[in-house]
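Colleague: Dropping the structure in here first, questions after.
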Amino acid sequence: MIPIPTLARLTAEARTAGPLRLVVAAAASDSALAAAALARRQRIADAVLVGGRSEIAARLRALGEDPALFELHEAANDEDAARRAVAMVRGGEAAVLMKGRLQTAALLEAILDRTDGLRDGRLLSDVLVADHPLSAAPRLLGVTDGGVNVAPDLGQKRAIVENAAALFRALGHDRPRVACLCAVETVTDAMPHTRDAAALAAMNARGELPGCVVGGPFALDNALSADAARAKGIDHPVAGRADLLLVPTIEVGNALGKAFTYLAHRSVAHVIVGARAPVLIPSRVERPEDKLCSIALGVLAAARGAP
């Protein structure tokens, strides 16, 4: 399989795989509804909208959309909408779950419910995907985890790498190159994340973390720039060629992800993996076009068996 090189191509691939059923919890959000309408028109996803039916229908009409083209389900409140949406995915009535106008914590609570949720024994983690800002040839770059795990320990970082590598294999990378980001490229006791990075690289070298190539610690420059890696004398298959950036904490991942949007003016897609189905938790301030990219990523992940 040839790696998908751009978000535009990813969206085109999702049109080929779709339409899959997308359920939106607490769907009375203009940007979420606009993205769902775009996904329907492009035959990427057929949206099931859960929440206050009258408000959702009114918002659709205000956006110039016909509510009759969507499947609407009544919910008493946001928590009820989250539970109903999760139940639909659990029951096989939808393939992808997306957050509408509710707090991420409320949706995650329903997802993580031990009896009625979408847990399958794996750690949940977020993967952001964007067009690589430095590569001469078009290719995608992933960042994980800037959305779920606050301060992952070594075992959790391993699970985050496994989740992200599985997603990138579904996007066409046989062995995605994973750079463990730190502030410096050398292991130092003063920076515990550098020890974790070296430990993950050692696990990978021993065959304990298969299906990818892991290196670290790397600073951002020598993870992305071959010139920077050469200047610092770093010789590693991942150096300057990373497909995925493993960040040490959620603060780093969140800031790096927002930098794509607000500093580089790049579209992004992101998906939570590790549950029974892909979960989308786009920010309420994201543009419908960015949410469409996330829907496309979720649909492709579901279609290719990488939830």
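Chain labels follow the order of the structure tokens: the first chain is A, the next B, and so on; residue numbering restarts at 1 in every chain, and ligands are counted from 1 in their shown order.
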Could you give me, as a list in words, the residues within 12 Å of Ala198 of chain A, counting only C-alpha atoms and dropping anything in the same chain fewer than 3 positions from it?
Modeller: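 In the requested format, the answer is Leu154, Lys157, Arg158, Ala179, Cys180, Leu181, Cys182, Val184, Glu185, Thr186, Val187, Thr188, Asp189, Met191, Pro192, His193, Thr194, Arg195, Ala201, Ala202, Met203, Asn204, Ala205, Val214, Gly215, Gly216, Pro217 and Phe218 of chain A.
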Colleague: Need the shell around Leu128 of chain A: protein/DNA/RNA residues with any atom at most 8 Å away, counting only C-alpha atoms. Skip same-chain ones fewer than 3 positions apart. Format as a PyMOL selection string?
Modeller: chain A and resi 142-146+257+268-271
Colleague: Could you pull out all residues of segment 80-121 of chain A with a DSSP call of helix (DSSP H, G or I) and give them as a PDB file with all heavy atoms, in the first residue's frame?
Modeller:
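Resulting contents of part_31.pdb:
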```pdb
ATOM      1  N   ASP A  80     -27.142  12.260  28.205  1.00  0.00           N
ATOM      2  CA  ASP A  80     -27.995  11.267  27.543  1.00  0.00           C
ATOM      3  C   ASP A  80     -27.595  11.120  26.076  1.00  0.00           C
ATOM      4  O   ASP A  80     -27.555  10.004  25.541  1.00  0.00           O
ATOM      5  CB  ASP A  80     -29.461  11.690  27.653  1.00  0.00           C
ATOM      6  CG  ASP A  80     -30.418  10.648  27.089  1.00  0.00           C
ATOM      7  OD1 ASP A  80     -30.206   9.445  27.328  1.00  0.00           O
ATOM      8  OD2 ASP A  80     -31.380  11.048  26.395  1.00  0.00           O
ATOM      9  N   ALA A  81     -27.267  12.244  25.430  1.00  0.00           N
ATOM     10  CA  ALA A  81     -26.826  12.180  24.031  1.00  0.00           C
ATOM     11  C   ALA A  81     -25.544  11.371  23.900  1.00  0.00           C
ATOM     12  O   ALA A  81     -25.396  10.556  22.971  1.00  0.00           O
ATOM     13  CB  ALA A  81     -26.624  13.590  23.487  1.00  0.00           C
ATOM     14  N   ALA A  82     -24.608  11.571  24.834  1.00  0.00           N
ATOM     15  CA  ALA A  82     -23.354  10.815  24.796  1.00  0.00           C
ATOM     16  C   ALA A  82     -23.616   9.326  24.960  1.00  0.00           C
ATOM     17  O   ALA A  82     -23.072   8.498  24.224  1.00  0.00           O
ATOM     18  CB  ALA A  82     -22.408  11.319  25.882  1.00  0.00           C
ATOM     19  N   ARG A  83     -24.456   8.972  25.937  1.00  0.00           N
ATOM     20  CA  ARG A  83     -24.751   7.554  26.161  1.00  0.00           C
ATOM     21  C   ARG A  83     -25.442   6.926  24.954  1.00  0.00           C
ATOM     22  O   ARG A  83     -25.117   5.797  24.553  1.00  0.00           O
ATOM     23  CB  ARG A  83     -25.619   7.397  27.413  1.00  0.00           C
ATOM     24  CG  ARG A  83     -24.880   7.637  28.728  1.00  0.00           C
ATOM     25  CD  ARG A  83     -25.727   7.194  29.900  1.00  0.00           C
ATOM     26  NE  ARG A  83     -26.950   7.965  30.013  1.00  0.00           N
ATOM     27  CZ  ARG A  83     -27.073   9.082  30.730  1.00  0.00           C
ATOM     28  NH1 ARG A  83     -26.021   9.556  31.396  1.00  0.00           N
ATOM     29  NH2 ARG A  83     -28.222   9.732  30.800  1.00  0.00           N
ATOM     30  N   ARG A  84     -26.390   7.644  24.360  1.00  0.00           N
ATOM     31  CA  ARG A  84     -27.100   7.102  23.204  1.00  0.00           C
ATOM     32  C   ARG A  84     -26.169   6.941  21.999  1.00  0.00           C
ATOM     33  O   ARG A  84     -26.245   5.948  21.270  1.00  0.00           O
ATOM     34  CB  ARG A  84     -28.278   8.009  22.844  1.00  0.00           C
ATOM     35  CG  ARG A  84     -29.428   7.951  23.848  1.00  0.00           C
ATOM     36  CD  ARG A  84     -30.525   8.948  23.489  1.00  0.00           C
ATOM     37  NE  ARG A  84     -31.602   8.931  24.453  1.00  0.00           N
ATOM     38  CZ  ARG A  84     -32.677   8.132  24.386  1.00  0.00           C
ATOM     39  NH1 ARG A  84     -32.802   7.304  23.353  1.00  0.00           N
ATOM     40  NH2 ARG A  84     -33.600   8.169  25.309  1.00  0.00           N
ATOM     41  N   ALA A  85     -25.305   7.918  21.782  1.00  0.00           N
ATOM     42  CA  ALA A  85     -24.375   7.825  20.656  1.00  0.00           C
ATOM     43  C   ALA A  85     -23.408   6.666  20.836  1.00  0.00           C
ATOM     44  O   ALA A  85     -23.129   5.902  19.896  1.00  0.00           O
ATOM     45  CB  ALA A  85     -23.619   9.147  20.508  1.00  0.00           C
ATOM     46  N   VAL A  86     -22.886   6.508  22.060  1.00  0.00           N
ATOM     47  CA  VAL A  86     -21.978   5.395  22.340  1.00  0.00           C
ATOM     48  C   VAL A  86     -22.698   4.065  22.146  1.00  0.00           C
ATOM     49  O   VAL A  86     -22.135   3.106  21.585  1.00  0.00           O
ATOM     50  CB  VAL A  86     -21.402   5.525  23.769  1.00  0.00           C
ATOM     51  CG1 VAL A  86     -20.743   4.221  24.215  1.00  0.00           C
ATOM     52  CG2 VAL A  86     -20.393   6.670  23.821  1.00  0.00           C
ATOM     53  N   ALA A  87     -23.939   3.986  22.594  1.00  0.00           N
ATOM     54  CA  ALA A  87     -24.708   2.743  22.441  1.00  0.00           C
ATOM     55  C   ALA A  87     -24.894   2.388  20.971  1.00  0.00           C
ATOM     56  O   ALA A  87     -24.871   1.200  20.605  1.00  0.00           O
ATOM     57  CB  ALA A  87     -26.059   2.882  23.137  1.00  0.00           C
ATOM     58  N   MET A  88     -25.083   3.394  20.121  1.00  0.00           N
ATOM     59  CA  MET A  88     -25.240   3.116  18.699  1.00  0.00           C
ATOM     60  C   MET A  88     -23.966   2.519  18.115  1.00  0.00           C
ATOM     61  O   MET A  88     -24.013   1.573  17.322  1.00  0.00           O
ATOM     62  CB  MET A  88     -25.625   4.390  17.950  1.00  0.00           C
ATOM     63  CG  MET A  88     -27.006   4.917  18.284  1.00  0.00           C
ATOM     64  SD  MET A  88     -27.474   6.312  17.243  1.00  0.00           S
ATOM     65  CE  MET A  88     -27.665   5.490  15.672  1.00  0.00           C
ATOM     66  N   VAL A  89     -22.813   3.063  18.507  1.00  0.00           N
ATOM     67  CA  VAL A  89     -21.551   2.508  18.018  1.00  0.00           C
ATOM     68  C   VAL A  89     -21.352   1.102  18.571  1.00  0.00           C
ATOM     69  O   VAL A  89     -20.974   0.176  17.843  1.00  0.00           O
ATOM     70  CB  VAL A  89     -20.373   3.427  18.402  1.00  0.00           C
ATOM     71  CG1 VAL A  89     -19.046   2.793  18.002  1.00  0.00           C
ATOM     72  CG2 VAL A  89     -20.523   4.798  17.739  1.00  0.00           C
ATOM     73  N   ARG A  90     -21.617   0.942  19.844  1.00  0.00           N
ATOM     74  CA  ARG A  90     -21.449  -0.373  20.479  1.00  0.00           C
ATOM     75  C   ARG A  90     -22.349  -1.420  19.809  1.00  0.00           C
ATOM     76  O   ARG A  90     -21.962  -2.577  19.657  1.00  0.00           O
ATOM     77  CB  ARG A  90     -21.777  -0.264  21.965  1.00  0.00           C
ATOM     78  CG  ARG A  90     -21.532  -1.535  22.763  1.00  0.00           C
ATOM     79  CD  ARG A  90     -21.887  -1.339  24.232  1.00  0.00           C
ATOM     80  NE  ARG A  90     -21.724  -2.584  24.963  1.00  0.00           N
ATOM     81  CZ  ARG A  90     -20.608  -2.986  25.527  1.00  0.00           C
ATOM     82  NH1 ARG A  90     -19.519  -2.224  25.460  1.00  0.00           N
ATOM     83  NH2 ARG A  90     -20.543  -4.127  26.178  1.00  0.00           N
ATOM     84  N   THR A 104     -15.689  17.374  26.271  1.00  0.00           N
ATOM     85  CA  THR A 104     -14.997  16.134  25.950  1.00  0.00           C
ATOM     86  C   THR A 104     -15.100  15.137  27.096  1.00  0.00           C
ATOM     87  O   THR A 104     -15.286  13.937  26.881  1.00  0.00           O
ATOM     88  CB  THR A 104     -13.518  16.419  25.624  1.00  0.00           C
ATOM     89  OG1 THR A 104     -13.444  17.262  24.472  1.00  0.00           O
ATOM     90  CG2 THR A 104     -12.756  15.137  25.352  1.00  0.00           C
ATOM     91  N   ALA A 105     -15.001  15.634  28.332  1.00  0.00           N
ATOM     92  CA  ALA A 105     -15.052  14.736  29.491  1.00  0.00           C
ATOM     93  C   ALA A 105     -16.363  13.969  29.546  1.00  0.00           C
ATOM     94  O   ALA A 105     -16.391  12.795  29.940  1.00  0.00           O
ATOM     95  CB  ALA A 105     -14.847  15.536  30.775  1.00  0.00           C
ATOM     96  N   ALA A 106     -17.465  14.614  29.160  1.00  0.00           N
ATOM     97  CA  ALA A 106     -18.767  13.941  29.195  1.00  0.00           C
ATOM     98  C   ALA A 106     -18.817  12.810  28.178  1.00  0.00           C
ATOM     99  O   ALA A 106     -19.361  11.730  28.458  1.00  0.00           O
ATOM    100  CB  ALA A 106     -19.882  14.942  28.935  1.00  0.00           C
ATOM    101  N   LEU A 107     -18.252  13.025  27.006  1.00  0.00           N
ATOM    102  CA  LEU A 107     -18.231  11.970  26.002  1.00  0.00           C
ATOM    103  C   LEU A 107     -17.296  10.842  26.414  1.00  0.00           C
ATOM    104  O   LEU A 107     -17.630   9.659  26.288  1.00  0.00           O
ATOM    105  CB  LEU A 107     -17.816  12.534  24.643  1.00  0.00           C
ATOM    106  CG  LEU A 107     -17.855  11.556  23.465  1.00  0.00           C
ATOM    107  CD1 LEU A 107     -19.248  10.983  23.280  1.00  0.00           C
ATOM    108  CD2 LEU A 107     -17.392  12.236  22.185  1.00  0.00           C
ATOM    109  N   LEU A 108     -16.123  11.194  26.951  1.00  0.00           N
ATOM    110  CA  LEU A 108     -15.175  10.168  27.371  1.00  0.00           C
ATOM    111  C   LEU A 108     -15.732   9.330  28.515  1.00  0.00           C
ATOM    112  O   LEU A 108     -15.467   8.126  28.596  1.00  0.00           O
ATOM    113  CB  LEU A 108     -13.847  10.806  27.772  1.00  0.00           C
ATOM    114  CG  LEU A 108     -12.995  11.362  26.627  1.00  0.00           C
ATOM    115  CD1 LEU A 108     -11.740  12.027  27.169  1.00  0.00           C
ATOM    116  CD2 LEU A 108     -12.622  10.263  25.635  1.00  0.00           C
ATOM    117  N   GLU A 109     -16.511   9.954  29.392  1.00  0.00           N
ATOM    118  CA  GLU A 109     -17.118   9.191  30.484  1.00  0.00           C
ATOM    119  C   GLU A 109     -18.014   8.088  29.935  1.00  0.00           C
ATOM    120  O   GLU A 109     -17.995   6.945  30.424  1.00  0.00           O
ATOM    121  CB  GLU A 109     -17.916  10.116  31.400  1.00  0.00           C
ATOM    122  CG  GLU A 109     -18.541   9.406  32.597  1.00  0.00           C
ATOM    123  CD  GLU A 109     -19.285  10.353  33.519  1.00  0.00           C
ATOM    124  OE1 GLU A 109     -19.258  11.583  33.287  1.00  0.00           O
ATOM    125  OE2 GLU A 109     -19.909   9.856  34.480  1.00  0.00           O
ATOM    126  N   ALA A 110     -18.797   8.415  28.907  1.00  0.00           N
ATOM    127  CA  ALA A 110     -19.661   7.401  28.298  1.00  0.00           C
ATOM    128  C   ALA A 110     -18.832   6.351  27.561  1.00  0.00           C
ATOM    129  O   ALA A 110     -19.142   5.155  27.605  1.00  0.00           O
ATOM    130  CB  ALA A 110     -20.649   8.063  27.349  1.00  0.00           C
ATOM    131  N   ILE A 111     -17.781   6.780  26.892  1.00  0.00           N
ATOM    132  CA  ILE A 111     -16.929   5.841  26.150  1.00  0.00           C
ATOM    133  C   ILE A 111     -16.244   4.866  27.101  1.00  0.00           C
ATOM    134  O   ILE A 111     -16.108   3.672  26.803  1.00  0.00           O
ATOM    135  CB  ILE A 111     -15.887   6.616  25.322  1.00  0.00           C
ATOM    136  CG1 ILE A 111     -16.566   7.390  24.183  1.00  0.00           C
ATOM    137  CG2 ILE A 111     -14.809   5.687  24.763  1.00  0.00           C
ATOM    138  CD1 ILE A 111     -15.664   8.397  23.519  1.00  0.00           C
TER     139      ILE A 111
END
```
Colleague: Find the residues around Arg284 of chain A up to 8 Å (only C-alpha atoms counted), leave out those fewer than 2 positions away in its own chain, and share them as a list of chain:residue names.
Modeller: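 My list of contacting residues is A:Ser31, A:Gly100, A:Arg101, A:Pro282, A:Glu286.
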Colleague: Using only C-alpha atoms, which residues sit within 12 Å of Ala137 of chain A once same-chain residues fewer than 6 positions away are excluded, as a list of chain:residue names?
Modeller: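 Those residues are A:Ile4, A:Pro5, A:Thr6, A:Asp131, A:Arg241.
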Colleague: Please report the interatomic distance between atom CA of Ala159 of chain A and atom CA of Ala259 of chain A in Å with one decimal.
Modeller: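 Atom-to-atom, atom CA of Ala159 of chain A and atom CA of Ala259 of chain A are spaced 24.9 Å apart.
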Colleague: Between A:Leu297, A:Ala164, A:Ala94, A:Arg169, which has the minimum distance to Leu7 of chain A (counting only C-alpha atoms)?
Modeller: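 That would be A:Leu297, the residue with the smallest distance to Leu7 of chain A.
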Colleague: Which one of A:Arg266, A:Gly172, A:Leu124, A:Ala17 sits closest to Glu289 of chain A if you count only C-alpha atoms?
Modeller: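 Of the candidates, the smallest distance to Glu289 of chain A is held by A:Arg266.
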Colleague: Quick one, how far is atom CA of Phe260 of chain A from atom CA of Leu141 of chain A?
Modeller: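 Interatomic distance here is 10.8 Å.
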